[in-house]
Amino acid sequence: MSIWFTEKQTENFGITAKIKKTYVSEKTDFQQLDMVETEEFGNMLLLDDMVMTTEKDEFVYHEMVAHVPLHTHPHPKNVLVVGGGDGGVIREILKHPEVEKATLVEIDGKVIEYSKKYLPTIAGKLDDPRVDVQVDDGFMHIAKSENEYDVIMVDSTEPVGPAVNLFTKGFYEGISKALKEDGVFVAQTDNPWFQQELIRNVFRDVKETFPITRLYTANIPTYPSGLWSFTIGSKKYDPLDVKEDRIHDLDTKYYTKDIHKAAFALPKFVEDLTK
C-alpha cells in the first residue's frame with residue numbers, strides 16, 4: 001500500500017509526496033512535528049502538516065536567506081537567526097569568514113534535536129564554536145536586545161502557532177532596535193500566489209520601520225506555489241548597490257553574483273504588492 005502526505009496549501013490546493021518511512025510523529029510543546037523520508041525529496045521536516053525543509057531542495061531557501069543580507073552588509077560580524085532550528089541558515093552563515101558569532105534562537109528544542117539526527121547535512125554546523133544555540137522565544141530575545149547585531153534573519157514558519165508574533169510591526173520595530181546603526185534584517189514572507197495580503201502588509205510595516213526595504217524571490221518546489229518571497233529591511237545599505245567584488249565565491253548551489261541582483265527583478269503582479 002502506498003502512503004502519501006498532502007500539505008493543504010489552500011482550501012482548494014495542495015502538494016503531495018510519497019512517503020517511504022516515518023521517523024518521528026510527535027506533538028511537541030509548541031506544534032506537531034513529523035520527520036519522514038520521501039521518495040522524491042529525501043528526508044522532510046513537517047511542522048503542523050506544513051513542509052519546512054527537505055534534503056533535496058533546502059539549499060535554495062537557506063542560501064537566499066543568508067547570503068543576500070550578508071553580502072549587503074560590508075562587515076557582518078555578529079548575526080542572529082530567529083527560528084531556523086534545522087540549522088540550514090547557520091550552515092550558510094558560517095561560509096562567511098567575517099562572521100565572528102552566529103546566534104540561533106529556536107523556540108522548539110525538538111526541531112533542533114531531530115534535525116541533527118535526521119537532517120545531518122542541514123544541521124551539521126550547529127555545534128560549530130562560532131554558533132550559540134539558544135532554545136528560547138525569538139520574539140522575547142529580540143525584545144531584550146539593543147544595538148547588538150549586524151544582521152538578523154527571521155527563519156520562521158508561516159504565521160501560525162508560535163510564529164504569529166514574528167509577522168507584526170512591533171516585531172520589526174524590535175528588530176530595528178536590536179540591530180546596530182547600520183544593521184540589516186531579512187525575513188521569509190511566504191508566497192505571492194496565495195498570500196498577497198500578507199506580503200503587502202509585511203512590506204508596508206517594514207518600509208515604515210527601515211529606510212531601505214526590498215522584496216526578492218526564489219524558486220522552492222516544495223513550498224506553496226514554488227515561488228517564495230523574502231523581505232529585507234536595511235538601515236543604511238541597499239542590496240541592489242552591492243558591488244560584484246564584494247560577493248564571495250562561495251560553495252553554493254543556487255545563489256550566485258547574478259542571482260543576487262536578479263532575485264530583486266519582480267514579476268509585475270509581485271512588484272505591485274510593494275506599492
# chains A, B, ... in the order shown; residues from 1 in each chain; ligands from 1

call {"tool": "closest_atom_pairs", "arguments": {"of": "stretch 105-209 of chain A", "to": "stretch 37-60 of chain A", "cutoff": "8 Å", "atoms": "only C-alpha atoms", "output": "Markdown table"}}
result
| residue | atom | partner | partner_atom | distance |
| --- | --- | --- | --- | --- |
| A:Ser115 | CA | A:Leu45 | CA | 7.9 |
| A:Tyr118 | CA | A:Asn43 | CA | 7.2 |
| A:Leu119 | CA | A:Asn43 | CA | 7.0 |
| A:Thr121 | CA | A:Glu55 | CA | 7.8 |
| A:Ile122 | CA | A:Glu55 | CA | 7.6 |
| A:Thr157 | CA | A:Met52 | CA | 7.2 |

call {"tool": "residues_around", "arguments": {"residues": "A:Trp228", "least_positions_apart": "5", "cutoff": "12 Å", "atoms": "only C-alpha atoms", "output": "mmCIF file with N, CA and C atoms, in the first residue's frame"}}
result
data_model
loop_
_atom_site.group_PDB
_atom_site.id
_atom_site.type_symbol
_atom_site.label_atom_id
_atom_site.label_comp_id
_atom_site.auth_asym_id
_atom_site.auth_seq_id
_atom_site.Cartn_x
_atom_site.Cartn_y
_atom_site.Cartn_z
ATOM 1 N N VAL A 60 18.123 26.103 -1.597
ATOM 2 C CA VAL A 60 17.622 27.354 -2.180
ATOM 3 C C VAL A 60 17.233 28.338 -1.069
ATOM 4 N N TYR A 61 16.372 27.898 -0.204
ATOM 5 C CA TYR A 61 15.877 28.748 0.877
ATOM 6 C C TYR A 61 17.018 29.225 1.775
ATOM 7 N N MET A 64 19.416 31.717 0.126
ATOM 8 C CA MET A 64 18.826 33.032 -0.163
ATOM 9 C C MET A 64 18.515 33.822 1.104
ATOM 10 N N VAL A 65 18.229 33.140 2.199
ATOM 11 C CA VAL A 65 18.052 33.849 3.470
ATOM 12 C C VAL A 65 19.382 34.420 3.952
ATOM 13 N N GLU A 158 5.185 29.677 8.582
ATOM 14 C CA GLU A 158 4.126 30.606 8.209
ATOM 15 C C GLU A 158 3.514 31.180 9.487
ATOM 16 N N ALA A 187 13.501 38.558 6.352
ATOM 17 C CA ALA A 187 12.518 37.576 6.811
ATOM 18 C C ALA A 187 11.909 36.883 5.606
ATOM 19 N N GLN A 188 11.600 35.602 5.780
ATOM 20 C CA GLN A 188 10.819 34.931 4.745
ATOM 21 C C GLN A 188 9.398 35.454 4.849
ATOM 22 N N THR A 189 8.784 35.747 3.695
ATOM 23 C CA THR A 189 7.448 36.360 3.733
ATOM 24 C C THR A 189 6.445 35.648 2.820
ATOM 25 N N ASP A 190 6.587 34.324 2.753
ATOM 26 C CA ASP A 190 5.600 33.468 2.103
ATOM 27 C C ASP A 190 5.538 33.714 0.595
ATOM 28 N N ASN A 191 4.435 33.313 -0.029
ATOM 29 C CA ASN A 191 4.385 33.301 -1.492
ATOM 30 C C ASN A 191 3.357 34.292 -2.051
ATOM 31 N N PRO A 192 3.641 34.845 -3.227
ATOM 32 C CA PRO A 192 2.758 35.881 -3.794
ATOM 33 C C PRO A 192 1.541 35.351 -4.547
ATOM 34 N N TRP A 193 1.382 34.052 -4.644
ATOM 35 C CA TRP A 193 0.191 33.492 -5.291
ATOM 36 C C TRP A 193 -0.968 33.368 -4.309
ATOM 37 N N PHE A 194 -0.678 32.895 -3.097
ATOM 38 C CA PHE A 194 -1.742 32.619 -2.127
ATOM 39 C C PHE A 194 -1.742 33.579 -0.938
ATOM 40 N N GLN A 195 -0.648 34.341 -0.758
ATOM 41 C CA GLN A 195 -0.516 35.178 0.446
ATOM 42 C C GLN A 195 -0.203 36.628 0.088
ATOM 43 N N GLN A 196 -0.946 37.159 -0.861
ATOM 44 C CA GLN A 196 -0.673 38.524 -1.320
ATOM 45 C C GLN A 196 -0.884 39.560 -0.217
ATOM 46 N N ILE A 199 2.107 39.560 2.227
ATOM 47 C CA ILE A 199 3.289 40.232 1.671
ATOM 48 C C ILE A 199 3.088 41.738 1.659
ATOM 49 N N LEU A 215 11.961 43.622 -1.744
ATOM 50 C CA LEU A 215 11.382 42.283 -1.827
ATOM 51 C C LEU A 215 12.152 41.494 -2.879
ATOM 52 N N TYR A 216 12.478 40.241 -2.580
ATOM 53 C CA TYR A 216 13.108 39.385 -3.584
ATOM 54 C C TYR A 216 12.514 37.987 -3.513
ATOM 55 N N THR A 217 12.755 37.198 -4.551
ATOM 56 C CA THR A 217 12.098 35.891 -4.656
ATOM 57 C C THR A 217 13.090 34.798 -5.028
ATOM 58 N N ALA A 218 12.641 33.556 -4.841
ATOM 59 C CA ALA A 218 13.407 32.371 -5.240
ATOM 60 C C ALA A 218 12.428 31.253 -5.539
ATOM 61 N N ASN A 219 12.904 30.249 -6.273
ATOM 62 C CA ASN A 219 12.078 29.099 -6.627
ATOM 63 C C ASN A 219 12.362 27.936 -5.687
ATOM 64 N N ILE A 220 11.340 27.516 -4.926
ATOM 65 C CA ILE A 220 11.482 26.421 -3.964
ATOM 66 C C ILE A 220 10.316 25.463 -4.195
ATOM 67 N N PRO A 221 10.550 24.324 -4.845
ATOM 68 C CA PRO A 221 9.441 23.483 -5.312
ATOM 69 C C PRO A 221 8.518 22.930 -4.238
ATOM 70 N N THR A 222 9.011 22.689 -3.021
ATOM 71 C CA THR A 222 8.135 22.105 -2.004
ATOM 72 C C THR A 222 7.411 23.151 -1.149
ATOM 73 N N TYR A 223 7.619 24.441 -1.425
ATOM 74 C CA TYR A 223 6.890 25.479 -0.712
ATOM 75 C C TYR A 223 5.675 25.894 -1.552
ATOM 76 N N ALA A 263 17.305 38.345 -8.335
ATOM 77 C CA ALA A 263 16.221 37.978 -7.416
ATOM 78 C C ALA A 263 15.312 39.161 -7.094
ATOM 79 N N LEU A 266 11.225 41.665 -10.104
ATOM 80 C CA LEU A 266 9.959 41.029 -9.732
ATOM 81 C C LEU A 266 8.966 41.008 -10.891
ATOM 82 N N VAL A 270 3.842 40.762 -8.589
ATOM 83 C CA VAL A 270 4.545 40.745 -7.293
ATOM 84 C C VAL A 270 5.013 42.146 -6.944
#

call {"tool": "closest_residue", "arguments": {"among": "A:Leu94, A:Ile212, A:Val151, A:Val99", "to": "A:Val184", "atoms": "only C-alpha atoms"}}
result
A:Val151

call {"tool": "select_by_dssp", "arguments": {"residues": "stretch 38-212 of chain A", "states": "helix (DSSP H, G or I)", "output": "PyMOL selection string"}}
result
chain A and resi 58-72+88-93+109-118+120-123+138-143+161-167+169-178+196-207

call {"tool": "atom_distance", "arguments": {"atom1": "atom CA of A:Lys236", "atom2": "atom CA of A:Glu98"}}
result
18.7 Å

call {"tool": "residues_around", "arguments": {"residues": "A:Ile107", "least_positions_apart": "4", "cutoff": "10 Å", "atoms": "only C-alpha atoms", "output": "VMD selection string"}}
result
chain A and resid 29 to 30 82 to 85 111 to 112 134 to 139 162 to 163

call {"tool": "atom_distance", "arguments": {"atom1": "atom CA of A:Ala102", "atom2": "atom CA of A:Thr213"}}
result
23.4 Å
